[in-house]
Amino acid sequence: MAVTERRAGSIDVESVRADFPILGRTPHGKKLVYLDSANTSQKPRQVIDTVSEYYREHNANLYRAVYELAEEATAMFETARLKLAAFIGAPDPTTVVFNRGTTESINLVANGWGRRFLKEGDEVLLTDMEHHSNIVPWQLVANATGAVLRYLPLTEEGSLDLTNLESLITERTKVLAVTGQSNVLGTLPPLKELASAAHAVGAVVVVDGAQLVPHNPVDVVDLGIDFLTISGHKMLGPTASGGLYGRRELLDAMDPFLGGGEMIMEVFPDHSTYKEPPHKFEAGTMNIAQEIGLAAAIDYLESLGMDAVREHEKQLTAYAIGRLEDAGAVVHGPKDVEVRGGAVSFWYRDIHPHDLAQVLDQEGVCVRASHHCAQILMRHLGVPATTRASFYVYNTTEDVDALVDALARAEAVFA
C-alpha cells in the first residue's frame, strides 16, 4: 500500500508508527496489528523516555522536601496538571485532580459528592450503554443513601433514545452519569443537550471520558459538564495516570475520598481539616512518574492536533465498518462516523468472540473479545460478548485489511 494511502486525516501515520517501539514486535512470527486501543493504548518513545528520565534524574517525593530533586519533581508534576487542564479546556488547573483514571474518578465523585448529597428517593440517571465503572459505584451509593437508579434506553441502531427524556430527567434527578463515548458501540452521546436538560432540573452531570478524551477535542466549559474523568493509559500515557475534572464549587463542597498524608491541613485526636482542591483528594504518594508521562502524551497528541486525530479515526472507522460488513460481520452501533468513535464491535458468522480472538492472535491481530464491562448492553444486543477492534493514531487501513484477512482464516478453522 502506498504511503500516501496511509496518511489518513492529516496525520503522517508512517512517522507516527516509527515512534512506537512495540509495533516492531512479531507475535507468532507475524507483523503486530494492534487493534485494542480502547482497552489500553500503546506508548510512544517520547512517553517511555520521559518516564525513564524522571526515574533516572528527578526521582523524589512531592511537596515534602526543599532539596533540588524534590522541587524538580514537584514542578514537573504540577506542570503536568497545567497541561491536562489546558487539554480539556479547564480554565483553572486546581479543578484537575490526579488519580489512577476513570474508575477511581467516578468512585471519588460517587462517594465524595453522592454520599454527602444524595438522599432517599433522589434519582441517578445512567444509560444502558455504560461501562461497569459508571454503574457499580452508583449502585453502591444508592444502596447506602436510598437513591434510585434509572436508565436512558437505546435506539435500535445504538444511539441514546431521547424520546422520553423529559419524563426521565425530572426534579428528582440529582445526577446524570453518562459515557462520553461508548467503549462498545462507539456512540457519541449529545453531551451538551444532555447537560442542558440535567442542569434545568438542578442535576449534576458526570461524564465518563475514558473513550472520549483520547480521541476527540474536548472543552469542558463548552460542553457545560460538571465532572469529567480522564484515563491516561488510553491516550498514549502510562497506566495508572489520569484524573478528574470537577467544577470548583462542587470540589469544595465534596468530602475527601481517601484520607492520609498531604491532603490535610491539621490533624487533631477527633477530627482533621483539609487542604483545598485538588490536594484534598490526593492523599499519600501520588503516581508521579505516570502523570509526568501523561504530560508527554498530551504533548504528543497536541503535536498531531486533536482535530486531525478525530478525522483520522473517522476515516479508519468508516473503512473498517464497510470491510467488516462486506465480510459478513454484524457491526453493532451507529454506522454514521459523525456520531461515533473508533471502537467497532461486531459478531462474525457463528464464531464465539473468544474463539475468534484466539485465531486472530495467531495471525498477529490483537482485538478484545469480551462483554467489555458492559453486561447490561450485551443483554440489550442479545449477545454474550462481542469482538472489538479499536483504532488510534498508529493504525492504518492496512491494519483493517489484516483483520479482515484473519477473519477469513478463522472461518476456515471453524468451518
# chains A, B, ... in the order shown; residues from 1 in each chain; ligands from 1

call {"tool": "residues_around", "arguments": {"residues": "Val213 in chain A", "least_positions_apart": "4", "cutoff": "8 Å", "atoms": "only C-alpha atoms", "output": "mmCIF file with C-alpha atoms, in the first residue's frame"}}
result
data_model
loop_
_atom_site.group_PDB
_atom_site.id
_atom_site.type_symbol
_atom_site.label_atom_id
_atom_site.label_comp_id
_atom_site.auth_asym_id
_atom_site.auth_seq_id
_atom_site.Cartn_x
_atom_site.Cartn_y
_atom_site.Cartn_z
ATOM 1 C CA ILE A 88 -9.633 19.537 28.314
ATOM 2 C CA GLY A 209 -14.386 10.458 29.445
ATOM 3 C CA PRO A 217 -11.216 17.682 21.031
ATOM 4 C CA VAL A 218 -12.796 18.358 24.439
ATOM 5 C CA ILE A 230 -9.686 11.023 32.178
ATOM 6 C CA MET A 235 -4.415 8.346 25.432
#

call {"tool": "residues_around", "arguments": {"residues": "range 374-390 of chain A", "least_positions_apart": "3", "cutoff": "7 Å", "atoms": "only C-alpha atoms", "output": "CSV table (one decimal) with N, CA and C atoms, in the first residue's frame"}}
result
chain,number,residue,atom,x,y,z
A,35,LEU,N,-5.1,-3.6,17.6
A,35,LEU,CA,-6.5,-3.1,17.4
A,35,LEU,C,-7.2,-3.2,18.7
A,36,ASP,N,-6.5,-2.8,19.8
A,36,ASP,CA,-7.2,-2.8,21.1
A,36,ASP,C,-6.9,-1.6,21.9
A,37,SER,N,-6.9,-0.4,21.3
A,37,SER,CA,-6.5,0.8,22.0
A,37,SER,C,-7.6,1.3,22.9
A,38,ALA,N,-8.9,0.8,22.7
A,38,ALA,CA,-10.0,1.2,23.6
A,38,ALA,C,-9.7,0.5,25.0
A,128,ASP,N,-28.1,2.7,29.2
A,128,ASP,CA,-27.9,1.3,29.0
A,128,ASP,C,-26.6,0.9,28.4
A,129,MET,N,-25.8,1.9,28.0
A,129,MET,CA,-24.5,1.5,27.4
A,129,MET,C,-23.3,1.9,28.3
A,130,GLU,N,-23.6,2.1,29.6
A,130,GLU,CA,-22.5,2.4,30.5
A,130,GLU,C,-21.5,1.3,30.8
A,131,HIS,N,-20.3,1.6,30.9
A,131,HIS,CA,-19.3,0.7,31.4
A,131,HIS,C,-19.6,0.4,32.9
A,132,HIS,N,-19.2,-0.7,33.4
A,132,HIS,CA,-19.5,-1.1,34.8
A,132,HIS,C,-18.9,0.0,35.8
A,342,GLY,N,-14.1,5.3,17.2
A,342,GLY,CA,-13.4,4.2,16.5
A,342,GLY,C,-13.3,2.9,17.3
A,343,ALA,N,-14.2,2.6,18.2
A,343,ALA,CA,-14.4,1.3,18.8
A,343,ALA,C,-15.5,0.6,18.0
A,344,VAL,N,-15.1,-0.5,17.3
A,344,VAL,CA,-16.0,-1.2,16.4
A,344,VAL,C,-16.2,-2.6,16.9
A,345,SER,N,-17.4,-2.8,17.5
A,345,SER,CA,-17.8,-4.2,18.0
A,345,SER,C,-18.6,-4.9,17.0
A,346,PHE,N,-18.3,-6.2,16.8
A,346,PHE,CA,-19.0,-7.0,15.8
A,346,PHE,C,-19.1,-8.5,16.2
A,347,TRP,N,-20.0,-9.1,15.5
A,347,TRP,CA,-20.2,-10.6,15.7
A,347,TRP,C,-20.0,-11.2,14.3
A,353,PRO,N,-16.8,-14.9,20.0
A,353,PRO,CA,-15.7,-13.9,20.0
A,353,PRO,C,-14.4,-14.4,20.7
A,367,VAL,N,-7.2,-8.0,19.2
A,367,VAL,CA,-8.5,-7.5,19.4
A,367,VAL,C,-9.0,-7.9,20.8
A,368,ARG,N,-10.1,-7.3,21.2
A,368,ARG,CA,-10.6,-7.7,22.5
A,368,ARG,C,-11.9,-8.5,22.3
A,369,ALA,N,-12.1,-9.6,23.0
A,369,ALA,CA,-13.3,-10.4,22.9
A,369,ALA,C,-13.8,-10.5,24.3
A,370,SER,N,-15.0,-9.9,24.6
A,370,SER,CA,-15.5,-9.8,26.0
A,370,SER,C,-16.9,-9.2,26.0
A,371,HIS,N,-17.4,-9.1,27.2
A,371,HIS,CA,-18.6,-8.3,27.4
A,371,HIS,C,-18.2,-6.8,27.6

call {"tool": "select_by_dssp", "arguments": {"residues": "range 217-379 of chain A", "states": "strand (DSSP E)", "output": "MDAnalysis selection string"}}
result
chainID A and resid 227:231 242:246 264:267 272:274 329:331 343:348 365:366 368:370

call {"tool": "write_last_selection", "arguments": {"atoms": "C-alpha atoms", "output": "PDB file, in the first residue's frame"}}
result
ATOM      1  CA  PHE A 227     -17.308  16.341  36.157  1.00  0.00           C
ATOM      2  CA  LEU A 228     -15.132  14.663  33.521  1.00  0.00           C
ATOM      3  CA  THR A 229     -12.966  11.614  34.035  1.00  0.00           C
ATOM      4  CA  ILE A 230      -9.686  11.023  32.178  1.00  0.00           C
ATOM      5  CA  SER A 231      -7.859   7.705  31.700  1.00  0.00           C
ATOM      6  CA  GLY A 242      -5.241  10.357  34.595  1.00  0.00           C
ATOM      7  CA  GLY A 243      -7.675  12.085  36.838  1.00  0.00           C
ATOM      8  CA  LEU A 244     -10.863  14.035  37.362  1.00  0.00           C
ATOM      9  CA  TYR A 245     -12.045  17.476  36.347  1.00  0.00           C
ATOM     10  CA  GLY A 246     -14.698  18.972  38.598  1.00  0.00           C
ATOM     11  CA  ILE A 264      -4.636  17.526  55.474  1.00  0.00           C
ATOM     12  CA  MET A 265      -4.144  20.964  56.989  1.00  0.00           C
ATOM     13  CA  GLU A 266      -4.180  19.905  60.641  1.00  0.00           C
ATOM     14  CA  VAL A 267      -4.879  16.637  62.428  1.00  0.00           C
ATOM     15  CA  SER A 272      -8.902  16.897  60.835  1.00  0.00           C
ATOM     16  CA  THR A 273      -9.030  19.849  58.499  1.00  0.00           C
ATOM     17  CA  TYR A 274      -8.245  19.502  54.811  1.00  0.00           C
ATOM     18  CA  ALA A 329     -19.837  -9.415  10.153  1.00  0.00           C
ATOM     19  CA  VAL A 330     -22.710  -7.851  12.101  1.00  0.00           C
ATOM     20  CA  VAL A 331     -21.416  -4.486  13.314  1.00  0.00           C
ATOM     21  CA  ALA A 343     -14.364   1.287  18.796  1.00  0.00           C
ATOM     22  CA  VAL A 344     -16.026  -1.168  16.403  1.00  0.00           C
ATOM     23  CA  SER A 345     -17.752  -4.171  17.989  1.00  0.00           C
ATOM     24  CA  PHE A 346     -19.019  -6.989  15.826  1.00  0.00           C
ATOM     25  CA  TRP A 347     -20.216 -10.595  15.678  1.00  0.00           C
ATOM     26  CA  TYR A 348     -18.652 -12.706  12.932  1.00  0.00           C
ATOM     27  CA  VAL A 365      -4.019  -9.314  15.169  1.00  0.00           C
ATOM     28  CA  CYS A 366      -4.854  -8.049  18.673  1.00  0.00           C
ATOM     29  CA  ARG A 368     -10.634  -7.726  22.511  1.00  0.00           C
ATOM     30  CA  ALA A 369     -13.302 -10.393  22.911  1.00  0.00           C
ATOM     31  CA  SER A 370     -15.452  -9.799  25.954  1.00  0.00           C
TER      32      SER A 370
END

call {"tool": "closest_residue", "arguments": {"among": "A:Asp307, A:Glu72, A:Asp92, A:Glu249", "to": "Ile288 in chain A", "atoms": "only C-alpha atoms"}}
result
A:Glu72

call {"tool": "closest_residue", "arguments": {"among": "A:Asn107, A:Thr187, A:Ser52, A:Asn99", "to": "Ala296 in chain A", "atoms": "only C-alpha atoms"}}
result
A:Ser52

call {"tool": "residues_around", "arguments": {"residues": "range 196-204 of chain A", "least_positions_apart": "4", "cutoff": "6 Å", "atoms": "only C-alpha atoms", "output": "PDB file with N, CA and C atoms, in the first residue's frame"}}
result
ATOM      1  N   GLU A 171     -37.410  16.647  38.495  1.00  0.00           N
ATOM      2  CA  GLU A 171     -36.902  17.307  39.701  1.00  0.00           C
ATOM      3  C   GLU A 171     -36.300  16.320  40.697  1.00  0.00           C
ATOM      4  N   THR A 173     -34.205  14.003  39.696  1.00  0.00           N
ATOM      5  CA  THR A 173     -32.887  13.654  39.159  1.00  0.00           C
ATOM      6  C   THR A 173     -31.824  14.548  39.781  1.00  0.00           C
ATOM      7  N   LYS A 174     -30.865  13.942  40.441  1.00  0.00           N
ATOM      8  CA  LYS A 174     -29.785  14.692  41.082  1.00  0.00           C
ATOM      9  C   LYS A 174     -28.447  14.496  40.377  1.00  0.00           C
ATOM     10  N   VAL A 175     -28.311  13.378  39.656  1.00  0.00           N
ATOM     11  CA  VAL A 175     -27.066  13.080  38.930  1.00  0.00           C
ATOM     12  C   VAL A 175     -27.421  12.498  37.574  1.00  0.00           C
TER      13      VAL A 175
END

call {"tool": "select_by_dssp", "arguments": {"residues": "range 124-251 of chain A", "states": "alpha helix (DSSP H)", "output": "MDAnalysis selection string"}}
result
chainID A and resid 136:145 165:168 191:200 220:223 248:251

call {"tool": "write_last_selection", "arguments": {"atoms": "N, CA and C atoms", "output": "mmCIF file, in the first residue's frame"}}
result
data_model
loop_
_atom_site.group_PDB
_atom_site.id
_atom_site.type_symbol
_atom_site.label_atom_id
_atom_site.label_comp_id
_atom_site.auth_asym_id
_atom_site.auth_seq_id
_atom_site.Cartn_x
_atom_site.Cartn_y
_atom_site.Cartn_z
ATOM 1 N N VAL A 136 -21.499 0.482 38.824
ATOM 2 C CA VAL A 136 -21.313 -0.135 40.146
ATOM 3 C C VAL A 136 -21.100 0.906 41.251
ATOM 4 N N PRO A 137 -20.269 1.945 41.064
ATOM 5 C CA PRO A 137 -20.136 2.944 42.141
ATOM 6 C C PRO A 137 -21.459 3.599 42.505
ATOM 7 N N TRP A 138 -22.317 3.834 41.510
ATOM 8 C CA TRP A 138 -23.616 4.443 41.787
ATOM 9 C C TRP A 138 -24.562 3.455 42.457
ATOM 10 N N GLN A 139 -24.452 2.172 42.127
ATOM 11 C CA GLN A 139 -25.234 1.158 42.834
ATOM 12 C C GLN A 139 -24.868 1.141 44.320
ATOM 13 N N LEU A 140 -23.565 1.193 44.600
ATOM 14 C CA LEU A 140 -23.124 1.176 45.997
ATOM 15 C C LEU A 140 -23.629 2.392 46.758
ATOM 16 N N VAL A 141 -23.560 3.562 46.114
ATOM 17 C CA VAL A 141 -24.027 4.782 46.772
ATOM 18 C C VAL A 141 -25.542 4.777 46.913
ATOM 19 N N ALA A 142 -26.247 4.259 45.920
ATOM 20 C CA ALA A 142 -27.708 4.174 46.020
ATOM 21 C C ALA A 142 -28.119 3.275 47.175
ATOM 22 N N ASN A 143 -27.419 2.153 47.322
ATOM 23 C CA ASN A 143 -27.722 1.247 48.439
ATOM 24 C C ASN A 143 -27.488 1.921 49.786
ATOM 25 N N ALA A 144 -26.512 2.812 49.839
ATOM 26 C CA ALA A 144 -26.174 3.472 51.102
ATOM 27 C C ALA A 144 -27.089 4.656 51.407
ATOM 28 N N THR A 145 -27.641 5.291 50.382
ATOM 29 C CA THR A 145 -28.393 6.539 50.584
ATOM 30 C C THR A 145 -29.892 6.406 50.348
ATOM 31 N N LEU A 165 -37.015 11.904 27.171
ATOM 32 C CA LEU A 165 -36.020 12.499 28.062
ATOM 33 C C LEU A 165 -36.672 13.332 29.160
ATOM 34 N N GLU A 166 -37.720 14.066 28.824
ATOM 35 C CA GLU A 166 -38.345 14.936 29.822
ATOM 36 C C GLU A 166 -38.988 14.147 30.948
ATOM 37 N N SER A 167 -39.424 12.932 30.656
ATOM 38 C CA SER A 167 -40.034 12.120 31.711
ATOM 39 C C SER A 167 -38.988 11.409 32.558
ATOM 40 N N LEU A 168 -37.759 11.333 32.045
ATOM 41 C CA LEU A 168 -36.690 10.663 32.783
ATOM 42 C C LEU A 168 -35.830 11.641 33.574
ATOM 43 N N LEU A 191 -23.724 15.421 24.418
ATOM 44 C CA LEU A 191 -23.435 15.825 25.788
ATOM 45 C C LEU A 191 -23.980 17.208 26.128
ATOM 46 N N LYS A 192 -23.875 18.146 25.214
ATOM 47 C CA LYS A 192 -24.370 19.500 25.501
ATOM 48 C C LYS A 192 -25.873 19.499 25.718
ATOM 49 N N GLU A 193 -26.595 18.747 24.898
ATOM 50 C CA GLU A 193 -28.048 18.653 25.054
ATOM 51 C C GLU A 193 -28.412 17.995 26.377
ATOM 52 N N LEU A 194 -27.708 16.931 26.703
ATOM 53 C CA LEU A 194 -27.981 16.222 27.958
ATOM 54 C C LEU A 194 -27.645 17.098 29.158
ATOM 55 N N ALA A 195 -26.514 17.796 29.090
ATOM 56 C CA ALA A 195 -26.118 18.652 30.205
ATOM 57 C C ALA A 195 -27.123 19.778 30.412
ATOM 58 N N SER A 196 -27.614 20.345 29.317
ATOM 59 C CA SER A 196 -28.604 21.416 29.425
ATOM 60 C C SER A 196 -29.880 20.921 30.090
ATOM 61 N N ALA A 197 -30.338 19.727 29.689
ATOM 62 C CA ALA A 197 -31.554 19.175 30.282
ATOM 63 C C ALA A 197 -31.357 18.861 31.759
ATOM 64 N N ALA A 198 -30.187 18.335 32.106
ATOM 65 C CA ALA A 198 -29.909 17.996 33.509
ATOM 66 C C ALA A 198 -29.815 19.251 34.364
ATOM 67 N N HIS A 199 -29.125 20.243 33.871
ATOM 68 C CA HIS A 199 -28.961 21.471 34.649
ATOM 69 C C HIS A 199 -30.282 22.217 34.825
ATOM 70 N N ALA A 200 -31.199 22.021 33.895
ATOM 71 C CA ALA A 200 -32.502 22.675 34.009
ATOM 72 C C ALA A 200 -33.270 22.208 35.230
ATOM 73 N N VAL A 220 -14.463 21.353 28.449
ATOM 74 C CA VAL A 220 -15.466 21.119 29.496
ATOM 75 C C VAL A 220 -16.384 22.314 29.689
ATOM 76 N N VAL A 221 -15.877 23.499 29.445
ATOM 77 C CA VAL A 221 -16.722 24.695 29.591
ATOM 78 C C VAL A 221 -17.757 24.737 28.477
ATOM 79 N N ASP A 222 -17.316 24.483 27.257
ATOM 80 C CA ASP A 222 -18.245 24.488 26.130
ATOM 81 C C ASP A 222 -19.295 23.391 26.272
ATOM 82 N N LEU A 223 -18.893 22.227 26.748
ATOM 83 C CA LEU A 223 -19.840 21.122 26.928
ATOM 84 C C LEU A 223 -20.806 21.388 28.076
ATOM 85 N N ARG A 248 -15.168 23.860 40.447
ATOM 86 C CA ARG A 248 -14.520 24.166 41.714
ATOM 87 C C ARG A 248 -15.494 24.173 42.885
ATOM 88 N N GLU A 249 -16.683 24.753 42.693
ATOM 89 C CA GLU A 249 -17.626 24.825 43.813
ATOM 90 C C GLU A 249 -18.088 23.437 44.249
ATOM 91 N N LEU A 250 -18.127 22.485 43.313
ATOM 92 C CA LEU A 250 -18.502 21.116 43.664
ATOM 93 C C LEU A 250 -17.368 20.424 44.404
ATOM 94 N N LEU A 251 -16.142 20.601 43.931
ATOM 95 C CA LEU A 251 -14.998 20.008 44.629
ATOM 96 C C LEU A 251 -14.877 20.571 46.041
#

call {"tool": "closest_residue", "arguments": {"among": "A:Arg17, A:Lys234, A:Lys30, A:Arg247", "to": "Val205 in chain A", "atoms": "only C-alpha atoms"}}
result
A:Arg247

call {"tool": "residues_around", "arguments": {"residues": "Leu23 in chain A", "least_positions_apart": "4", "cutoff": "9 Å", "atoms": "only C-alpha atoms", "output": "list in words"}}
result
Arg17, Ala18, Asp19, Lys31, Leu32, Val33, Tyr34, Gln42 and Tyr394 of chain A

call {"tool": "residues_around", "arguments": {"residues": "Ala318 in chain A", "least_positions_apart": "4", "cutoff": "8 Å", "atoms": "only C-alpha atoms", "output": "number ranges by chain"}}
result
A: 314, 322, 335-337

call {"tool": "closest_residue", "arguments": {"among": "A:Ala70, A:Gly89, A:Ala402, A:Thr94", "to": "Lys275 in chain A", "atoms": "only C-alpha atoms"}}
result
A:Thr94

call {"tool": "atom_distance", "arguments": {"atom1": "CA of Tyr392 in chain A", "atom2": "CA of Asp219 in chain A"}}
result
20.4 Å

call {"tool": "closest_residue", "arguments": {"among": "A:Ala253, A:Leu176, A:Val206, A:Leu125", "to": "Gly112 in chain A", "atoms": "only C-alpha atoms"}}
result
A:Ala253

call {"tool": "atom_distance", "arguments": {"atom1": "CA of Leu188 in chain A", "atom2": "CA of Gly101 in chain A"}}
result
20.0 Å

call {"tool": "closest_residue", "arguments": {"among": "A:Ile292, A:Leu360, A:Val148, A:Ile351", "to": "Gly232 in chain A", "atoms": "only C-alpha atoms"}}
result
A:Ile292

call {"tool": "atom_distance", "arguments": {"atom1": "CA of Gly29 in chain A", "atom2": "CA of Ser41 in chain A"}}
result
22.0 Å

call {"tool": "residues_around", "arguments": {"residues": "Phe257 in chain A", "least_positions_apart": "3", "cutoff": "8 Å", "atoms": "only C-alpha atoms", "output": "PDB file with C-alpha atoms, in the first residue's frame"}}
result
ATOM      1  CA  LEU A 108     -14.413   9.679  44.029  1.00  0.00           C
ATOM      2  CA  ASN A 111     -18.514   8.780  47.372  1.00  0.00           C
ATOM      3  CA  GLY A 112     -17.351  12.370  47.861  1.00  0.00           C
ATOM      4  CA  PHE A 281      -8.349  14.481  47.003  1.00  0.00           C
TER       5      PHE A 281
END
